[in-house]
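J.: Below are the structure tokens for one structure; questions will follow.
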2 protein chains.
Amino acid sequence: MVSKSEAAEFIAKAPLFGTLDEAGRQAVAQEMRESNYDSGQVIFSRGDPGAELHVVVKGRVRLSVLTSDGRELSFAHAEPTSIFGELAVFDGRARSADATAVGKVQTLTLSRASFGRLLASKPQVAEAAIRFLSARLRDADEQLEAIALHPIEARLARFFLATARQKYPEAKSSRVTFSLPISQSELALLVGASRPKVNAALALLEAEGAIERKGSDIVCDIEALSGIGGVE
Amino acid sequence: MVSKSEAAEFIAKAPLFGTLDEAGRQAVAQEMRESNYDSGQVIFSRGDPGAELHVVVKGRVRLSVLTSDGRELSFAHAEPTSIFGELAVFDGRARSADATAVGKVQTLTLSRASFGRLLASKPQVAEAAIRFLSARLRDADEQLEAIALHPIEARLARFFLATARQKYPEAKSSRVTFSLPISQSELALLVGASRPKVNAALALLEAEGAIERKGSDIVCDIEALSGIGGVE
DNA sequence: CGGATAGTGCCAGCCAGCCGACAATGCTGA
DNA sequence: TCAGCATTGTCGGCTGGCTGGCACTATCCG
């Protein structure tokens, strides 16, 4: 259970609400509702009318699409402080992807109506939304490029780079360690490849010295990964 | 040459400025500058600091990325009334793609500074920007899905559907005709496939009766294309 | 404590789509 | 008018990645 004051504190770390002052965050927190999901539970599906956005508090959420013939692709995973389901709130159209809990998940939700009021009353939220969407779009473009033009190892390398950058925004040492609670199958969905290929690519990256796997932890060599990822 | 009043009239058709009133459009038009490019000319390149957005007046612009090993992919073509180069203006970061004139091109440009003033003074522009970016993001997601999960014919079919929907927004008859001034090589870049494959896929679509080619015109059967494109 | 379930590592066979190449056609500009 | 270039239509060889399957291990839960 999350108290309203904990919620207010928490959303300060979320992109859309970080620019609000203390009072603003309190006000938003008042409007948010807590939701809990079990592992594998569908949070929403593509095509649903969808009228609220989520901020992840605990756990991971897979954002993916599923074709009629059963093929699947993950756009991203939402982790704590990540926002998802925002598109339906921004433009009022249907859900563009499926959201599925990967493990137990807790989120805070904000309704379209509440967000509309927020947007109208706080101009800095509109600006934050524009920056947020711009960043999303840059990510999407990069992902499109990766999947269309780069081989699997490069896509994996980029994924690790992006994750590392997210966990350690300050670009400091060349080797960073973090835990990666993702199965190879999830990785395969994210990277748009088959599970066996991901397995092989991981082994390859490790052989090249770009990563090192220690249980569920992973050590990344930023330099090496950049090289393999094709980032000049 | 475009006069300021012609410009004001023209930008009414562009997504970001359509919500402005006559006076607002006049004001924006005053700030815009005309640019002309020859066929093949690079308008900007990825990584450039980029400080203005463009509205296409005449011609087509290819928005693409190029990898170090020479592989290329088009995200989209900007056509008259389309906006491109907006990301750098929204978030102040570098250009995320290359923009190249396909044929002679004329654009109107608006500087980041001008846009910033516009954003601050007209709240409806912020809202338009959010909707605009949301739509872009939905497109990007759809493209990602298509390229990762669907075969070439399906991607081509979706491309035609999207084009048809853009030219005839009112969903009326099941067959629509329009001219398609794009070479197969351009199509291949857009669809993320090799040129020969596009050629074969076009032949296949025509054999299936989903399209019909008459010179540079094309007749699309919406139903058939939807079926092949995997749109339920 | 033991069984079930999920994740990992790996192999073999198959196929879609790539590449490079070439002729035929058509448009363009001198 | 004609040469030159871009575009189109097709091939064949090659290969990266997929599918499906199987054994082994770790982990979670009853």
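Every chain in the structure tokens takes a letter, A first, then B, and so on in the order presented; its residues are numbered from 1, and the ligands are numbered from 1 following the presented order.
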Env of DG4 (chain D): 12 Å cut, atoms = only C-alpha atoms (C1' of nucleotides), seq-sep filter 2 positions within chain, self excluded. Answer as a PyMOL selection string.
T.: (chain C and resi 27-30) or (chain D and resi 2+6)
J.: Keeping C-alpha atoms (C1' of nucleotides), export the residues of the selection given above as a short mmCIF file (atom, residue, chain, number, x, y, z; two decimals), in the first residue's frame.
T.:
```cif
data_model
loop_
_atom_site.label_atom_id
_atom_site.label_comp_id
_atom_site.auth_asym_id
_atom_site.auth_seq_id
_atom_site.Cartn_x
_atom_site.Cartn_y
_atom_site.Cartn_z
"C1'" DC C 27 12.70 9.76 -69.63
"C1'" DT C 28 15.68 13.87 -70.04
"C1'" DG C 29 18.48 17.25 -71.33
"C1'" DA C 30 22.02 18.86 -74.59
"C1'" DC D 2 20.17 11.00 -79.78
"C1'" DA D 6 17.58 6.36 -63.99
#
```
J.: Near region 13-19 of chain C, counting only C-alpha atoms (C1' of nucleotides), which residues have an atom at most 12 Å away, once you skip same-chain residues fewer than 6 positions from it, shown as a list in words?
T.: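 That gives Arg71, His150, Pro151, Ile152, Gly192, Ala193, Ser194, Arg195, Pro196, Lys197, Val198, Ala200 and Ala201 of chain B; DC11, DG12, DG13, DC14, DT15, DG16, DG17, DC18, DT19, DG20 and DG21 of chain D.
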J.: Select, as number ranges by chain, those residues of chain B with any atom no more than 10 Å from chain D (distances computed using only C-alpha atoms (C1' of nucleotides)).
T.: B: 183-185, 196, 199-200, 203
J.: List every residue of region 20-183 of chain B that DSSP, applied to the backbone of this structure, assigns to helix (DSSP H, G or I), and report them as a ChimeraX atom specification.
T.: /B:22-31,86-91,112-121,123-149,152-167
J.: Using only C-alpha atoms (C1' of nucleotides), what does the table of chain C residues within 9 Å of chain A look like, with each row giving the shortest atom pair and its distance in Å to one decimal, sorted by chain and ascending number, as a Markdown table?
T.:
```
| residue | atom | partner | partner_atom | distance |
| --- | --- | --- | --- | --- |
| C:DG7 | C1' | A:Ser183 | CA | 6.9 |
| C:DT8 | C1' | A:Asn199 | CA | 8.1 |
| C:DG9 | C1' | A:Asn199 | CA | 7.5 |
| C:DC10 | C1' | A:Pro196 | CA | 8.3 |
```
J.: With C-alpha atoms (C1' of nucleotides) retained, could you export that selection as an mmCIF file, in the first residue's frame?
T.:
```cif
data_model
loop_
_atom_site.group_PDB
_atom_site.id
_atom_site.type_symbol
_atom_site.label_atom_id
_atom_site.label_comp_id
_atom_site.auth_asym_id
_atom_site.auth_seq_id
_atom_site.Cartn_x
_atom_site.Cartn_y
_atom_site.Cartn_z
ATOM 1 C "C1'" DG C 7 15.282 -20.491 -17.637
ATOM 2 C "C1'" DT C 8 19.632 -21.747 -20.158
ATOM 3 C "C1'" DG C 9 22.673 -23.734 -23.588
ATOM 4 C "C1'" DC C 10 22.865 -25.938 -27.902
#
```
J.: What does the distance from CA of Thr107 (chain B) to CA of Ser35 (chain B) come to in Å, to one decimal?
T.: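 Atom-to-atom, CA of Thr107 (chain B) to CA of Ser35 (chain B), that is 5.2 Å.
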J.: Which residues come within 6 Å of region 49-58 of chain B, counting only C-alpha atoms (C1' of nucleotides), excluding same-chain residues fewer than 2 positions away, as a list of chain:residue names?
T.: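 After dropping sequence-adjacent residues, the list is B:Pro80, B:Thr81, B:Ser82, B:Ile83, B:Phe84, B:Gly85, B:Glu86, B:Ala88, B:Val89, B:Ala94, B:Arg95, B:Val105, B:Gln106, B:Thr107, B:Leu108, B:Thr109, B:Leu110, B:Ser111, B:Arg112.
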J.: Restricted to C-alpha atoms, what would the selected residues look like written as a CSV table (one decimal), in the first residue's frame?
T.:
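So the final result, stored in out-v6.csv, reads:
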```csv
chain,number,residue,atom,x,y,z
B,80,PRO,CA,3.6,19.3,-48.9
B,81,THR,CA,2.0,20.5,-45.6
B,82,SER,CA,4.1,17.9,-43.7
B,83,ILE,CA,6.4,19.1,-40.9
B,84,PHE,CA,9.9,17.7,-40.4
B,85,GLY,CA,12.9,18.6,-38.2
B,86,GLU,CA,10.6,19.4,-35.3
B,88,ALA,CA,15.4,19.5,-32.6
B,89,VAL,CA,13.1,22.4,-32.1
B,94,ALA,CA,20.7,17.2,-32.2
B,95,ARG,CA,19.1,16.1,-35.5
B,105,VAL,CA,12.0,21.1,-52.7
B,106,GLN,CA,10.7,24.3,-51.2
B,107,THR,CA,10.1,24.7,-47.5
B,108,LEU,CA,9.2,27.3,-44.9
B,109,THR,CA,11.4,27.2,-41.8
B,110,LEU,CA,10.7,28.4,-38.3
B,111,SER,CA,13.5,28.9,-35.8
B,112,ARG,CA,13.6,27.3,-32.3
```
J.: Please identify all residues of chain A having at least one atom at most 10 Å from any atom of chain B, considering only C-alpha atoms, and return them as an NGL selection string.
T.: :A and (64-75 or 86-93 or 95-97 or 119-120 or 123 or 125-150 or 191-193 or 230-232)
J.: May I have the residues from that selection written out with C-alpha atoms, as a PDB file, in the first residue's frame?
T.:
```pdb
ATOM      1  CA  SER A  64       4.439  -5.253 -26.584  1.00  0.00           C
ATOM      2  CA  VAL A  65       2.421  -6.002 -29.664  1.00  0.00           C
ATOM      3  CA  LEU A  66       1.111  -9.325 -30.821  1.00  0.00           C
ATOM      4  CA  THR A  67       0.238 -10.185 -34.404  1.00  0.00           C
ATOM      5  CA  SER A  68      -2.631 -12.369 -35.426  1.00  0.00           C
ATOM      6  CA  ASP A  69      -0.229 -15.177 -36.253  1.00  0.00           C
ATOM      7  CA  GLY A  70       1.300 -15.161 -32.796  1.00  0.00           C
ATOM      8  CA  ARG A  71       4.521 -13.267 -33.407  1.00  0.00           C
ATOM      9  CA  GLU A  72       5.377 -10.784 -30.680  1.00  0.00           C
ATOM     10  CA  LEU A  73       7.662  -7.802 -30.134  1.00  0.00           C
ATOM     11  CA  SER A  74       8.338  -5.708 -27.047  1.00  0.00           C
ATOM     12  CA  PHE A  75       8.731  -1.986 -27.501  1.00  0.00           C
ATOM     13  CA  GLU A  86       0.425   7.836 -21.643  1.00  0.00           C
ATOM     14  CA  LEU A  87      -0.506   7.967 -25.314  1.00  0.00           C
ATOM     15  CA  ALA A  88      -4.167   7.184 -24.719  1.00  0.00           C
ATOM     16  CA  VAL A  89      -4.210   9.972 -22.149  1.00  0.00           C
ATOM     17  CA  PHE A  90      -2.498  12.469 -24.414  1.00  0.00           C
ATOM     18  CA  ASP A  91      -4.618  11.985 -27.496  1.00  0.00           C
ATOM     19  CA  GLY A  92      -7.645  10.073 -26.288  1.00  0.00           C
ATOM     20  CA  ARG A  93      -7.229   7.311 -28.814  1.00  0.00           C
ATOM     21  CA  ARG A  95      -4.225   1.701 -26.544  1.00  0.00           C
ATOM     22  CA  SER A  96      -1.455   1.188 -29.072  1.00  0.00           C
ATOM     23  CA  ALA A  97       0.136  -1.796 -27.341  1.00  0.00           C
ATOM     24  CA  LEU A 119      -2.299  20.190 -18.237  1.00  0.00           C
ATOM     25  CA  ALA A 120      -4.639  23.172 -18.305  1.00  0.00           C
ATOM     26  CA  PRO A 123       1.936  25.100 -18.282  1.00  0.00           C
ATOM     27  CA  VAL A 125       3.461  20.071 -17.571  1.00  0.00           C
ATOM     28  CA  ALA A 126       2.747  20.674 -21.232  1.00  0.00           C
ATOM     29  CA  GLU A 127       6.368  21.446 -21.779  1.00  0.00           C
ATOM     30  CA  ALA A 128       7.429  18.357 -19.863  1.00  0.00           C
ATOM     31  CA  ALA A 129       5.042  16.298 -21.968  1.00  0.00           C
ATOM     32  CA  ILE A 130       6.573  17.646 -25.157  1.00  0.00           C
ATOM     33  CA  ARG A 131      10.068  16.805 -23.975  1.00  0.00           C
ATOM     34  CA  PHE A 132       8.934  13.444 -22.786  1.00  0.00           C
ATOM     35  CA  LEU A 133       7.321  12.586 -26.107  1.00  0.00           C
ATOM     36  CA  SER A 134      10.324  13.877 -28.014  1.00  0.00           C
ATOM     37  CA  ALA A 135      12.567  11.553 -26.037  1.00  0.00           C
ATOM     38  CA  ARG A 136      10.215   8.657 -26.653  1.00  0.00           C
ATOM     39  CA  LEU A 137      10.238   9.419 -30.345  1.00  0.00           C
ATOM     40  CA  ARG A 138      14.011   9.523 -30.489  1.00  0.00           C
ATOM     41  CA  ASP A 139      14.093   6.172 -28.755  1.00  0.00           C
ATOM     42  CA  ALA A 140      11.566   4.733 -31.170  1.00  0.00           C
ATOM     43  CA  ASP A 141      13.562   5.970 -34.145  1.00  0.00           C
ATOM     44  CA  GLU A 142      16.705   4.483 -32.742  1.00  0.00           C
ATOM     45  CA  GLN A 143      14.996   1.192 -32.154  1.00  0.00           C
ATOM     46  CA  LEU A 144      13.623   1.174 -35.660  1.00  0.00           C
ATOM     47  CA  GLU A 145      17.055   1.826 -37.047  1.00  0.00           C
ATOM     48  CA  ALA A 146      18.561  -0.899 -34.892  1.00  0.00           C
ATOM     49  CA  ILE A 147      16.062  -3.533 -35.844  1.00  0.00           C
ATOM     50  CA  ALA A 148      16.157  -2.707 -39.527  1.00  0.00           C
ATOM     51  CA  LEU A 149      19.860  -2.161 -39.985  1.00  0.00           C
ATOM     52  CA  HIS A 150      21.869  -3.826 -37.254  1.00  0.00           C
ATOM     53  CA  VAL A 191      15.515  -7.055 -29.328  1.00  0.00           C
ATOM     54  CA  GLY A 192      13.293  -8.602 -31.973  1.00  0.00           C
ATOM     55  CA  ALA A 193      15.113 -11.888 -32.289  1.00  0.00           C
ATOM     56  CA  GLY A 230      27.866   0.677 -34.045  1.00  0.00           C
ATOM     57  CA  VAL A 231      27.716   3.964 -32.132  1.00  0.00           C
ATOM     58  CA  GLU A 232      30.381   6.242 -33.539  1.00  0.00           C
TER      59      GLU A 232
END
```
J.: May I ask which of the residues B:Ile11, B:Ala157, B:Ala78, B:Leu187 is the closest one to Gly209 (chain B), counting only C-alpha atoms?
T.: B:Ala157
